[in-house]
>>> print(open('query-v7.csv').read())   # CSV, C-alpha atoms
chain,number,residue,atom,x,y,z
A,196,MET,CA,-104.7,-28.8,29.7
A,197,THR,CA,-105.7,-29.8,33.2
A,198,MET,CA,-106.9,-33.3,34.1
A,199,ARG,CA,-110.4,-31.9,35.0
A,200,ARG,CA,-110.7,-30.1,31.6
A,201,ARG,CA,-109.4,-33.2,29.8
A,202,SER,CA,-112.1,-35.4,31.5
A,203,ILE,CA,-114.8,-32.9,30.5
A,204,LEU,CA,-113.6,-32.9,26.9
A,205,LEU,CA,-113.4,-36.7,26.9
A,206,ARG,CA,-117.0,-36.9,28.0
A,207,ALA,CA,-118.0,-34.4,25.2
A,208,ASP,CA,-116.1,-36.6,22.7
A,209,ASP,CA,-117.9,-39.7,24.0
A,210,GLU,CA,-121.2,-37.9,23.6
A,211,ARG,CA,-120.3,-36.9,20.1
A,212,ASP,CA,-119.2,-40.4,19.2
A,213,ARG,CA,-122.5,-41.8,20.5
A,214,TRP,CA,-124.4,-39.3,18.4
A,215,LEU,CA,-122.3,-40.1,15.3
A,216,HIS,CA,-123.0,-43.8,15.8
A,217,GLU,CA,-126.7,-43.2,16.2
A,218,LEU,CA,-126.8,-40.8,13.2
A,219,GLY,CA,-124.7,-43.1,10.9
A,220,GLY,CA,-127.6,-43.9,8.7
A,221,LYS,CA,-129.6,-40.7,9.2
A,222,PRO,CA,-130.1,-37.9,6.8
A,223,THR,CA,-127.5,-35.1,6.4
A,224,SER,CA,-129.7,-32.7,8.3
A,225,CYS,CA,-129.3,-34.8,11.4
A,226,ARG,CA,-125.6,-34.8,11.0
A,227,CYS,CA,-125.7,-31.1,10.6
A,228,ALA,CA,-127.7,-30.7,13.8
A,229,LEU,CA,-125.0,-32.8,15.5
A,230,ALA,CA,-122.2,-30.6,14.2
A,231,ALA,CA,-124.1,-27.5,15.3
A,232,TYR,CA,-124.6,-28.9,18.8
A,233,ALA,CA,-120.9,-29.8,19.0
A,234,ALA,CA,-119.9,-26.3,17.9
A,235,PHE,CA,-122.4,-24.7,20.3
A,236,CYS,CA,-121.0,-26.7,23.2
A,237,SER,CA,-117.5,-25.8,22.2
A,238,GLU,CA,-118.3,-22.1,22.1
A,239,TYR,CA,-120.4,-21.8,25.3
A,240,HIS,CA,-119.2,-24.5,27.7
A,241,SER,CA,-116.7,-22.2,29.4
A,242,LEU,CA,-119.0,-19.3,29.7
A,243,TYR,CA,-121.8,-21.5,31.0
A,244,SER,CA,-119.4,-22.9,33.6
A,245,GLN,CA,-118.4,-19.4,34.7
A,246,PHE,CA,-122.0,-18.3,34.9
A,247,ALA,CA,-123.0,-21.4,36.9
A,248,VAL,CA,-120.0,-20.8,39.3
A,249,VAL,CA,-121.1,-17.2,39.9
A,250,VAL,CA,-124.7,-18.1,40.4
A,251,SER,CA,-124.0,-21.1,42.7
A,252,GLY,CA,-121.0,-19.6,44.5
A,253,SER,CA,-119.2,-22.9,44.1
A,254,THR,CA,-116.6,-23.9,41.5
A,255,SER,CA,-117.3,-27.6,41.6
A,256,VAL,CA,-121.1,-27.2,41.7
A,257,GLY,CA,-120.9,-24.6,38.8
A,258,HIS,CA,-118.8,-26.9,36.6
A,259,ARG,CA,-121.1,-29.8,37.3
A,260,LEU,CA,-124.3,-27.8,36.6
A,261,ALA,CA,-122.9,-26.6,33.2
A,262,ARG,CA,-121.9,-30.1,32.1
A,263,VAL,CA,-125.2,-31.6,33.1
A,264,PHE,CA,-127.1,-28.7,31.5
A,265,LEU,CA,-125.3,-29.1,28.2
A,266,GLU,CA,-126.0,-32.9,28.2
A,267,GLU,CA,-129.6,-32.1,28.8
A,268,LEU,CA,-129.6,-29.5,26.1
A,269,ALA,CA,-128.8,-32.3,23.6
A,270,SER,CA,-132.3,-33.7,24.1
A,271,GLN,CA,-133.8,-30.3,23.2
A,272,TRP,CA,-131.3,-29.3,20.5
A,273,LEU,CA,-133.7,-29.7,17.6
A,274,ALA,CA,-136.2,-27.4,19.3
A,275,ALA,CA,-133.4,-24.9,19.9
A,276,LEU,CA,-132.4,-25.0,16.3
A,277,ARG,CA,-136.1,-24.3,15.3
A,278,SER,CA,-136.2,-21.3,17.6
A,279,ALA,CA,-135.5,-17.7,16.6
A,280,SER,CA,-132.2,-17.9,18.5
A,281,PRO,CA,-130.7,-21.2,19.6
A,282,SER,CA,-128.4,-19.3,22.0
A,283,GLY,CA,-131.4,-17.4,23.5
A,284,PHE,CA,-133.3,-20.6,23.8
A,285,ALA,CA,-130.3,-22.3,25.6
A,286,TRP,CA,-129.7,-19.2,27.8
A,287,ALA,CA,-133.3,-19.3,29.1
A,288,LEU,CA,-133.0,-23.0,29.9
A,289,LEU,CA,-129.6,-22.5,31.6
A,290,ALA,CA,-131.0,-19.7,33.8
A,291,GLU,CA,-133.9,-21.9,34.8
A,292,ALA,CA,-131.6,-24.9,35.4
A,293,VAL,CA,-129.3,-23.1,37.8
A,294,ALA,CA,-132.0,-21.2,39.6
A,295,PRO,CA,-132.3,-23.7,42.5
A,296,HIS,CA,-128.6,-23.3,43.2
A,297,ARG,CA,-128.5,-19.5,43.4
A,298,THR,CA,-126.7,-17.9,46.4
A,299,GLY,CA,-128.7,-15.6,48.5
A,300,SER,CA,-127.3,-12.4,46.9
A,301,VAL,CA,-127.9,-13.7,43.4
A,302,ARG,CA,-131.4,-14.8,44.3
A,303,ASN,CA,-132.1,-11.3,45.6
A,304,LEU,CA,-130.8,-9.8,42.4
A,305,TYR,CA,-133.1,-12.0,40.3
A,306,GLN,CA,-136.1,-11.2,42.6
A,307,ARG,CA,-135.5,-7.5,42.3
A,308,LEU,CA,-134.6,-7.2,38.6
A,309,GLY,CA,-136.0,-10.3,36.8
A,310,ALA,CA,-134.1,-13.0,34.9
A,311,THR,CA,-132.9,-11.1,31.8
A,312,GLU,CA,-131.7,-8.0,33.6
A,313,ALA,CA,-130.0,-10.0,36.4
A,314,GLY,CA,-128.4,-12.3,33.8
A,315,ALA,CA,-127.1,-9.3,31.9
A,316,LEU,CA,-125.5,-7.7,34.9
A,317,LEU,CA,-123.9,-11.0,36.0
A,318,LEU,CA,-122.5,-11.6,32.5
A,319,ARG,CA,-121.2,-8.0,32.2
A,320,TYR,CA,-120.0,-7.2,35.7
A,321,ARG,CA,-119.4,-10.4,37.6
A,322,ILE,CA,-117.9,-12.5,34.7
A,323,GLY,CA,-116.6,-9.5,32.7
A,324,CYS,CA,-118.0,-10.4,29.3
A,325,SER,CA,-117.8,-7.9,26.6
A,326,VAL,CA,-121.1,-6.6,25.2
A,327,THR,CA,-120.6,-8.8,22.1
A,328,VAL,CA,-120.0,-12.0,24.0
A,329,ALA,CA,-122.8,-11.4,26.5
A,330,SER,CA,-125.3,-10.5,23.8
A,331,ARG,CA,-124.5,-13.6,21.8
A,332,ALA,CA,-124.8,-15.8,24.9
A,333,MET,CA,-128.2,-14.3,25.6
A,334,GLY,CA,-129.3,-14.6,22.0
A,335,MET,CA,-129.8,-10.9,21.3
A,336,SER,CA,-128.1,-8.1,19.3
A,337,PRO,CA,-125.4,-6.0,21.1
A,338,ASP,CA,-127.7,-3.0,20.9
A,339,ALA,CA,-130.5,-4.9,22.6
A,340,PHE,CA,-128.1,-6.2,25.3
A,341,GLU,CA,-126.7,-2.7,25.9
A,342,LEU,CA,-130.3,-1.4,26.3
A,343,LEU,CA,-131.1,-4.3,28.7
A,344,ARG,CA,-127.9,-3.7,30.7
A,345,ARG,CA,-128.6,0.1,31.1
A,346,ARG,CA,-132.2,-0.6,32.1
A,347,ALA,CA,-131.0,-3.1,34.7
A,348,LEU,CA,-128.5,-0.6,36.1
A,349,MET,CA,-131.2,2.1,36.3
A,350,ASN,CA,-133.5,-0.3,38.1
A,351,ALA,CA,-130.8,-1.3,40.5
A,352,VAL,CA,-130.0,2.3,41.3
A,353,HIS,CA,-133.7,3.0,41.8
A,354,ASP,CA,-134.4,-0.2,43.9
A,355,TRP,CA,-131.4,0.1,46.1
A,356,HIS,CA,-131.4,3.9,46.4
A,357,MET,CA,-127.7,4.2,45.4
A,358,PRO,CA,-125.9,6.8,43.4
A,359,ALA,CA,-125.6,5.9,39.8
A,360,SER,CA,-121.8,6.1,40.0
A,361,ASP,CA,-121.9,3.2,42.5
A,362,ALA,CA,-123.9,0.9,40.2
A,363,VAL,CA,-121.2,0.5,37.6
>>> encode(input="query-v7.csv", output="structure tokens")
Amino acid sequence: MTMRRRSILLRADDERDRWLHELGGKPTSCRCALAAYAAFCSEYHSLYSQFAVVVSGSTSVGHRLARVFLEELASQWLAALRSASPSGFAWALLAEAVAPHRTGSVRNLYQRLGATEAGALLLRYRIGCSVTVASRAMGMSPDAFELLRRRALMNAVHDWHMPASDAV
């Protein structure tokens, strides 16, 4: 494990310890929410970092954005758990949080296609996520993600007047 990764994990452990201390006398449901948040962060931290790096064009900025975002998500975690899809809730917030840091080409993609279609293309083709991983990150079924991805490709082909074979 690299020193950088270790420091991120230590911060996450510190955050978890702070929550555990605060929840010491709280009901079991609060402790379950904490466990769900910790599991969520463990599952999505790496993917969120990769996404933020692609969007910002900078490794250091991307890693910082993902870390700050997950810390901020903690304050909205109960709302995320009450939503139809906590990962979909978090994905929408993440896309909004990294928006000011988009590179010119990523900004153009979002302007032409919209947030969900652009996000789907970045996850699938820039990061290389499988349909299963990308759909879970965006909080939708694999079938819904695949439909979204295909629609995004068709819109890209139409908007940029390119052969469909070049879009893949």
>>> residues_around(input="query-v7.csv", residues="segment 233-237 of chain A", least_positions_apart="2", cutoff="9 Å", atoms="all atoms listed in the file", output="ChimeraX atom specification")
/A:207,211,228-231,239-241,265,282
>>> closest_residue(input="query-v7.csv", among="A:Cys225, A:Arg307, A:Leu260, A:Ala290", to="Ala332 of chain A", atoms="all atoms listed in the file")
A:Ala290
>>> residues_around(input="query-v7.csv", residues="Leu268 of chain A", least_positions_apart="3", cutoff="10 Å", atoms="all atoms listed in the file", output="list of chain:residue names")
A:Tyr232, A:Cys236, A:Arg262, A:Val263, A:Phe264, A:Leu265, A:Gln271, A:Trp272, A:Leu273, A:Ala274, A:Ala275, A:Phe284, A:Ala285, A:Leu288, A:Leu289
>>> residues_near_point(input="query-v7.csv", point="(-119.5, -2.1, 20.8)", cutoff="12 Å", atoms="all atoms listed in the file", output="list of chain:residue names")
A:Cys324, A:Ser325, A:Val326, A:Thr327, A:Val328, A:Ala329, A:Ser330, A:Ser336, A:Pro337, A:Asp338, A:Ala339, A:Phe340, A:Glu341
>>> closest_residue(input="query-v7.csv", among="A:Ala269, A:Ala347, A:Leu304, A:Val293", to="Val256 of chain A", atoms="only C-alpha atoms")
A:Val293
>>> atom_distance(input="query-v7.csv", atom1="atom CA of Ala310 of chain A", atom2="atom CA of His258 of chain A")
20.7 Å
>>> build_atoms(input="query-v7.csv", residues="segment 301-318 of chain A", atoms="N, CA, C and O atoms", output="short mmCIF file (atom, residue, chain, number, x, y, z; two decimals), keeping the file's coordinate frame")
data_model
loop_
_atom_site.label_atom_id
_atom_site.label_comp_id
_atom_site.auth_asym_id
_atom_site.auth_seq_id
_atom_site.Cartn_x
_atom_site.Cartn_y
_atom_site.Cartn_z
N VAL A 301 -127.48 -13.58 44.78
CA VAL A 301 -127.90 -13.70 43.40
C VAL A 301 -129.43 -13.91 43.33
O VAL A 301 -130.09 -13.34 42.47
N ARG A 302 -129.98 -14.66 44.25
CA ARG A 302 -131.40 -14.80 44.30
C ARG A 302 -132.10 -13.47 44.51
O ARG A 302 -133.11 -13.15 43.87
N ASN A 303 -131.54 -12.65 45.38
CA ASN A 303 -132.10 -11.30 45.60
C ASN A 303 -132.03 -10.47 44.34
O ASN A 303 -132.98 -9.75 44.02
N LEU A 304 -130.93 -10.54 43.62
CA LEU A 304 -130.80 -9.80 42.40
C LEU A 304 -131.86 -10.22 41.37
O LEU A 304 -132.52 -9.37 40.75
N TYR A 305 -132.09 -11.52 41.24
CA TYR A 305 -133.10 -12.00 40.30
C TYR A 305 -134.52 -11.60 40.76
O TYR A 305 -135.36 -11.28 39.92
N GLN A 306 -134.77 -11.59 42.06
CA GLN A 306 -136.10 -11.20 42.60
C GLN A 306 -136.35 -9.71 42.31
O GLN A 306 -137.45 -9.31 41.97
N ARG A 307 -135.33 -8.90 42.48
CA ARG A 307 -135.50 -7.50 42.30
C ARG A 307 -135.55 -7.02 40.86
O ARG A 307 -136.27 -6.10 40.52
N LEU A 308 -134.74 -7.68 40.00
CA LEU A 308 -134.60 -7.20 38.60
C LEU A 308 -135.29 -8.08 37.58
O LEU A 308 -135.59 -7.62 36.50
N GLY A 309 -135.46 -9.34 37.85
CA GLY A 309 -136.00 -10.30 36.80
C GLY A 309 -134.82 -10.99 36.17
O GLY A 309 -133.65 -10.60 36.27
N ALA A 310 -135.15 -12.04 35.47
CA ALA A 310 -134.10 -13.00 34.90
C ALA A 310 -133.24 -12.33 33.88
O ALA A 310 -132.02 -12.49 33.95
N THR A 311 -133.79 -11.64 32.91
CA THR A 311 -132.90 -11.10 31.80
C THR A 311 -132.02 -10.00 32.33
O THR A 311 -130.84 -9.97 31.98
N GLU A 312 -132.57 -9.10 33.13
CA GLU A 312 -131.70 -8.00 33.60
C GLU A 312 -130.66 -8.52 34.57
O GLU A 312 -129.50 -8.11 34.47
N ALA A 313 -131.01 -9.43 35.46
CA ALA A 313 -130.00 -10.00 36.40
C ALA A 313 -128.95 -10.75 35.62
O ALA A 313 -127.75 -10.60 35.89
N GLY A 314 -129.35 -11.53 34.65
CA GLY A 314 -128.40 -12.30 33.80
C GLY A 314 -127.43 -11.34 33.11
O GLY A 314 -126.23 -11.60 33.03
N ALA A 315 -127.97 -10.25 32.57
CA ALA A 315 -127.10 -9.30 31.90
C ALA A 315 -126.08 -8.68 32.79
O ALA A 315 -124.90 -8.55 32.43
N LEU A 316 -126.49 -8.31 34.00
CA LEU A 316 -125.50 -7.70 34.90
C LEU A 316 -124.49 -8.74 35.38
O LEU A 316 -123.30 -8.39 35.50
N LEU A 317 -124.89 -9.97 35.61
CA LEU A 317 -123.90 -11.00 36.00
C LEU A 317 -122.90 -11.24 34.90
O LEU A 317 -121.70 -11.33 35.15
N LEU A 318 -123.39 -11.35 33.67
CA LEU A 318 -122.50 -11.60 32.50
C LEU A 318 -121.49 -10.42 32.39
O LEU A 318 -120.29 -10.63 32.22
#
